[in-house]
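Input: a single structure, listed below in C-alpha cells.
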Amino acid sequence: MSFKAKRCGVQFSPPSIILIYEHKESKTVRKRIIPVRNFSKYSDHSMAAERLKNHPRHRDYLRDVSQSQLEKLHIILRDHMQGFSLEHSLASFRLDPDEDLNKLDDEELARKKGQMDEVFERNRRRKEDADFVYDLEMDFTKTTQEKCSWDEESDDGF
C-alpha cells in the first residue's frame, strides 16, 4: 500500500504523533494517531524519532515525513513534559540573527547549526539551476558610519 503524508503534528495527552495522509490508490484522506511510548522528558528525541520512523507498523505511513520533522515533534513533546509552553518550543526552532550562540548548550547549538545548514542548502545556487550566474559581481554601497573618538587622527600622525 502506498501513502502520501500531508500533515503531521503532536497531541499532548496522551503523547502522540498525528499524521494526516492520503491513500494514493483511493485518494482518501485519513488521520492516523501514532502513540509515542516509552518517551519521557529525559529521552533522546533523535533516537525516539528514528525508532518511530523504522517501526514496522508505521514506516509505510512515515516514509514521506523527514527525520528532522519527527525530531522537531519529539522535541515539542519533550518540552511539554518538562513544563515549557508550546510558544517556547516553537521559538526555539526560529533562527534569531542576534542570538548569542555561545550561551547555548551542545544540543541546542547542534540544532541551530542544523537549521542554518538547511537554510543554506535551500538558498544555495547550483550549476544546474536556471538562474545560476557563474561570475556574479555585486556592488555593495558603503554605509555611512558614525565616527568614534578613536577613529580620529592621533597626534602621532598614524
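Every chain in the C-alpha cells takes a letter, A first, then B, and so on in the order presented; its residues are numbered from 1, and the ligands are numbered from 1 following the presented order.
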
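Excluding Arg51 of chain A itself and any same-chain residue fewer than 4 positions from it, the protein and nucleic acid residues within 12 Å of it, counting only C-alpha atoms, are Val36, Arg37, Asn38, Phe39, Asp44, His45, Ser46, Met47, His55, Pro56, Arg57, His58, Arg59, Leu62, Gln67, Leu70, Glu71 and His74 of chain A.
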
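Around segment 7-23 of chain A, within 9 Å and counting only C-alpha atoms, the residues found are Met1, Ser2, Phe3, Lys27, Thr28, Val29, Arg30, Lys31, Arg32, Ile33, Ile34, Pro35, Val36, Arg37, Phe39, Tyr61, Leu62, Val65, Gln69, Leu70, Leu73, His74, Ile76, Leu77, His80 and Met81 of chain A, once anything fewer than 4 positions away on its own chain is removed.
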
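Distance check against Phe93 of chain A using only C-alpha atoms: of A:Lys53, A:Lys112, A:Lys142, A:Arg122, the minimum falls on A:Lys112.
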
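Separating atom CA of Lys4 of chain A from atom CA of Ser43 of chain A is a distance of 28.7 Å.
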
Next item on the list: Based on DSSP run over this structure's backbone, return all residues of segment 26-123 of chain A in alpha helix (DSSP H), as a PyMOL selection string.
Entry: chain A and resi 45-53+67-81+86-91+106-123
